[in-house]
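Below is the file structure.csv, which contains CSV, C-alpha atoms.
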```
chain,number,residue,atom,x,y,z
A,1,SER,CA,8.7,-2.5,-8.0
A,2,SER,CA,5.0,-3.3,-7.7
A,3,MET,CA,4.3,0.4,-7.1
A,4,SER,CA,6.4,1.8,-10.1
A,5,ALA,CA,6.0,4.5,-11.4
A,6,THR,CA,4.3,6.0,-8.3
A,7,LEU,CA,7.1,4.8,-6.1
A,8,GLU,CA,10.6,3.8,-7.1
A,9,PRO,CA,13.0,1.5,-5.3
A,10,GLU,CA,15.3,4.3,-4.0
A,11,ASP,CA,12.4,6.6,-2.8
A,12,ILE,CA,12.3,7.5,0.9
A,13,LEU,CA,8.8,7.3,2.2
A,14,ILE,CA,7.4,9.6,4.9
A,15,VAL,CA,4.8,7.5,6.8
A,16,LYS,CA,2.2,8.4,9.4
A,17,SER,CA,1.8,5.5,11.8
A,18,ASP,CA,-1.1,7.1,13.7
A,19,GLU,CA,-3.3,7.6,10.6
A,20,GLU,CA,-6.1,5.2,9.5
A,21,LEU,CA,-5.8,3.6,6.1
A,22,GLN,CA,-8.4,5.3,3.8
A,23,ASP,CA,-9.7,4.4,0.4
A,24,ASN,CA,-7.0,5.1,-2.3
A,25,SER,CA,-4.3,5.8,0.2
A,26,ILE,CA,-0.9,3.9,0.0
A,27,GLY,CA,0.0,2.0,3.1
A,28,ILE,CA,2.6,-0.4,4.5
A,29,ILE,CA,0.4,-3.4,5.0
A,30,SER,CA,0.5,-7.0,6.2
A,31,VAL,CA,-2.3,-9.5,5.3
A,32,ASN,CA,-2.7,-12.3,7.8
A,33,ASN,CA,0.6,-11.6,9.5
A,34,THR,CA,2.7,-12.1,6.3
A,35,ASP,CA,5.5,-9.9,5.1
A,36,PHE,CA,4.7,-6.2,4.8
A,37,THR,CA,4.1,-4.8,1.4
A,38,VAL,CA,3.5,-1.3,0.1
A,39,LYS,CA,0.2,-1.1,-1.9
A,40,ARG,CA,-2.7,1.2,-2.6
A,41,PHE,CA,-5.9,0.4,-0.6
A,42,ASP,CA,-9.2,0.0,-2.5
A,43,LYS,CA,-11.8,0.0,0.2
A,44,THR,CA,-14.8,-0.3,-2.1
A,45,ASN,CA,-13.5,-3.5,-3.8
A,46,GLN,CA,-11.6,-4.8,-0.8
A,47,LYS,CA,-8.2,-5.2,-2.4
A,48,LEU,CA,-4.7,-3.9,-2.3
A,49,ILE,CA,-3.7,-2.5,-5.7
A,50,ALA,CA,-0.2,-2.7,-7.3
A,51,ASP,CA,0.2,0.5,-9.4
A,52,ASN,CA,2.5,-1.5,-11.7
A,53,LYS,CA,0.1,-3.6,-13.8
A,54,LYS,CA,2.8,-6.3,-14.1
A,55,TYR,CA,1.8,-7.3,-10.6
A,56,SER,CA,-1.5,-8.8,-9.4
A,57,ASP,CA,-3.7,-7.1,-6.9
A,58,VAL,CA,-4.3,-8.7,-3.5
A,59,ILE,CA,-7.9,-9.5,-2.8
A,60,ILE,CA,-8.9,-9.0,0.8
A,61,HIS,CA,-11.4,-11.7,2.0
A,62,GLU,CA,-13.9,-11.3,4.8
A,63,ASP,CA,-11.8,-13.4,7.2
A,64,ASP,CA,-8.5,-11.8,6.4
A,65,THR,CA,-6.6,-9.7,9.0
A,66,LEU,CA,-5.0,-6.4,7.8
A,67,LEU,CA,-2.2,-4.7,9.8
A,68,CYS,CA,-1.2,-1.3,8.6
A,69,LEU,CA,2.1,0.0,9.9
A,70,GLY,CA,1.4,3.4,8.4
A,71,VAL,CA,0.1,5.5,5.6
A,72,VAL,CA,2.5,7.0,3.0
A,73,LYS,CA,2.1,10.8,3.1
A,74,HIS,CA,5.1,12.0,1.2
A,75,LEU,CA,8.1,10.8,-0.6
A,76,ILE,CA,11.7,12.0,-1.2
A,77,ARG,CA,13.2,11.2,-4.6
A,78,ASP,CA,16.6,12.1,-6.0
A,79,LEU,CA,16.4,13.8,-9.4
```
Reformat the file's structure so that it appears as C-alpha cells.
Amino acid sequence: SSMSATLEPEDILIVKSDEELQDNSIGIISVNNTDFTVKRFDKTNQKLIADNKKYSDVIIHEDDTLLCLGVVKHLIRDL
C-alpha cells in the first residue's frame, strides 16, 4: 500500500527486466540485499519514493547497493 493510489494491492504489474531504472520510474528494488519493494526512483535526490505519503521515503546512501529486478511499464487493474 506504499504506492497507493498509483498502484493498488490487486494490480498486475507488467515489468521489463532488461530496462535500466531511470529518474521517476517505478521499479522493483532491493536495497543492500533486503526484501524487494516497489517504489518510485528519484535519481536527483537519491531516494526511493513511496507515492502514499503515509510511508517514508528510502534514502539511498553512497555505499548502498541497489538491485532492480525490473521497471514497471504497465499495469492491469479490474474496474
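Comparing A:Ile76, A:Glu8, A:Ser1, A:Ile49 by their smallest distance to Gly27 of chain A, the closest is A:Ile49 (using only C-alpha atoms).
For the set A:Asn45, A:Arg77, A:Thr34, A:Asp57, the residue with the smallest atom-to-atom gap to Thr6 of chain A is A:Arg77, counting all atoms listed in the file.
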Next item on the list: May I ask for the distance between atom CA of Thr44 of chain A and atom CA of Ser25 of chain A, given in Å to one decimal place?
Entry: 12.4 Å
Item checked: Distance of atom CA of His74 of chain A from atom CA of Ser56 of chain A, expressed in Å to one decimal place -> 24.3 Å
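Considering all atoms listed in the file, the residue among A:Ile59, A:Pro9, A:Val15, A:Ser2 positioned nearest to Lys73 of chain A is A:Val15.
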Check: atom CA of Ile60 of chain A to atom CA of Lys47 of chain A: how many Å, to one decimal?
Finding: 5.0 Å
Check: Using all atoms listed in the file, what residues lie at most 8 Å away from (-0.4, 4.9, 9.8) (file coordinates), given as number ranges by chain?
Finding: A: 15-21, 27, 68-72
Notebook entry, point to check: Can you tell me, as a PyMOL selection string, what residues are no more than 6 Å from Asp23 of chain A when counting all atoms listed in the file, ignoring any on the same chain fewer than 4 positions away?
Noted result: chain A and resi 41-43
Next item on the list: Please provide as a ChimeraX atom specification all residues within 8 Å of Asn52 of chain A, with the sequence filter that same-chain residues fewer than 2 positions apart are discarded (counting only C-alpha atoms).
Entry: /A:1-5,50,54-55
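Proximity of A:Arg40, A:Asn24, A:His61, A:Asp78 to Asp11 of chain A, computed with all atoms listed in the file, is greatest for A:Asp78.
For the residues A:Glu62, A:Gln46, A:Leu7, A:Gln22, ranking by smallest atom-to-atom distance to Leu75 of chain A using only C-alpha atoms places A:Leu7 first.
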